[in-house]
Amino acid sequence: MNKLLETIIENNREWTQKGKVATYIPELSKANPNHLGIAVYTIDNEEFCAGDCNVKFTIQSISKVIALMLALLDNGKEIVFSKVDMEPTADTFNSISSLETRNPNKPLNPMINSGAIVTSSLINGKNGSEVIERLLKFTRKITNNPDIDINYNVYKSEKETGHRNRALAYYMKSIGIIEGDVEEVLDVYFKQCSIEATCKDIAKIGAMLANDGILPWNGERVIPRQVARIVKTIMLTCGMYDASGEFAVKIGVPGKSGVGGGILVAVPSRMGIGVFGPALDSKGNSIAGWKVLEDISKELDLSIL
Ligand SMILES: NC(=O)CC[C@H](N)C(=O)O
């Protein structure tokens, strides 16, 4: 398997030249666009990797999966989906437009910025620091990595320039979707996006989801099967923003991308995959990471559809 992964990485390296690293969060523009890595973690506890699989990156929107799990655990699905819908979108990940015009008047899904700010606001904790501590603790558990932490330079950069996210959050406060202190909710959101991880960490999160909520390395159940099922379904239909349909056709598994260049994949009953390549396509998905996933999906017949 390592050999296969190495071949796939080498075959797709040229794609890194065709994308651009995110610059709208200034700190992300420092990423090396040539990086490309993959890690696979099977539900039988085997780990494989190739390329730049030990390079840390900020998980960005991949954190939306983690926030959704905690929001569901803390509130149940009725409350969560009363505040954020479960429908795919053809708009960009940070779109404002449908928030006001759509009926029902709530974000389309938890995988775009507006929806994720809502799920972050639903995580229990007496203040923002307690919420982010819970998010970090949970992330360390599902990656089996006690060193997972926030990249504070990226966090500061996001906080200073996150005007669009601020606009989304204040609008949602005005219509009663967000309760509590908006700045505190945003602070949690900026921090969760700035959590750093490697492909290997991401692959383990995928493996836990692939394994219906049980950590493959110690048999511990961290989320109920039903929560894992909801999260994978939302990833499949909404995880790549306005490219989710194409991802389902070409790769055919639940996935979630982030503008840091990571993509988290859960192949039900088989494996988790983490890929990383910070050069992005026009929709904010890792351009070479996507190609790597297309190849591995074909090679290992991963599509669930
Ligand atoms: N697509 C993403 O990864 C977006 C996350 C990023 N922190 C933002 O809010 O814009």
# chains A, B, ... in the order shown; residues from 1 in each chain; ligands from 1
$ closest_atom_pairs --of "stretch 179-205 of chain A" --to "stretch 131-138 of chain A" --cutoff "9 Å" --atoms "only C-alpha atoms" --output "JSON lines"
{"residue": "A:Asp187", "atom": "CA", "partner": "A:Ile132", "partner_atom": "CA", "distance": 8.9}
{"residue": "A:Val188", "atom": "CA", "partner": "A:Ile132", "partner_atom": "CA", "distance": 5.8}
{"residue": "A:Tyr189", "atom": "CA", "partner": "A:Ile132", "partner_atom": "CA", "distance": 8.7}
{"residue": "A:Lys191", "atom": "CA", "partner": "A:Ile132", "partner_atom": "CA", "distance": 7.3}
{"residue": "A:Gln192", "atom": "CA", "partner": "A:Ile132", "partner_atom": "CA", "distance": 7.0}
{"residue": "A:Ile195", "atom": "CA", "partner": "A:Leu136", "partner_atom": "CA", "distance": 8.0}
$ closest_atom_pairs --of "chain A" --to "ligand 1" --cutoff "7 Å" --atoms "only C-alpha atoms and all ligand atoms" --output "tab-separated table"
residue	atom	partner	partner_atom_place_in_ligand_line	distance
A:Gln60	CA	ligand 1	3 (O)	4.3
A:Ser61	CA	ligand 1	3 (O)	3.7
A:Ile62	CA	ligand 1	3 (O)	6.9
A:Phe93	CA	ligand 1	1 (N)	5.8
A:Asn94	CA	ligand 1	10 (O)	6.3
A:Asn113	CA	ligand 1	9 (O)	5.8
A:Glu158	CA	ligand 1	7 (N)	6.6
A:Gly162	CA	ligand 1	9 (O)	6.9
A:Asn165	CA	ligand 1	9 (O)	6.2
A:Phe190	CA	ligand 1	7 (N)	6.2
A:Cys193	CA	ligand 1	7 (N)	5.0
A:Ser257	CA	ligand 1	3 (O)	6.6
A:Gly258	CA	ligand 1	3 (O)	3.5
A:Val259	CA	ligand 1	3 (O)	3.8
A:Gly260	CA	ligand 1	3 (O)	6.4
A:Gly284	CA	ligand 1	1 (N)	6.2
$ atom_distance --atom1 "atom CA of A:Val84" --atom2 "atom CA of A:Leu264"
21.7 Å
$ closest_residue --among "A:Ala71, A:Leu168, A:Val40, A:Ile150" --to "A:Ile96" --atoms "only C-alpha atoms"
A:Leu168
$ atom_distance --atom1 "atom CA of A:Ile202" --atom2 "atom CA of A:Lys106"
29.1 Å
$ residues_around --residues "A:Ile296" --least-positions-apart "6" --cutoff "8 Å" --atoms "only C-alpha atoms" --output "PyMOL selection string"
chain A and resi 5+8+302
$ write_last_selection --atoms "C-alpha atoms" --output "JSON list (two decimals), in the first residue's frame"
[["chain", "number", "residue", "atom", "x", "y", "z"],
["A", 5, "LEU", "CA", 0.42, 5.82, -2.21],
["A", 8, "ILE", "CA", -0.16, 8.28, -6.61],
["A", 302, "LEU", "CA", -13.68, 3.12, -2.74]]
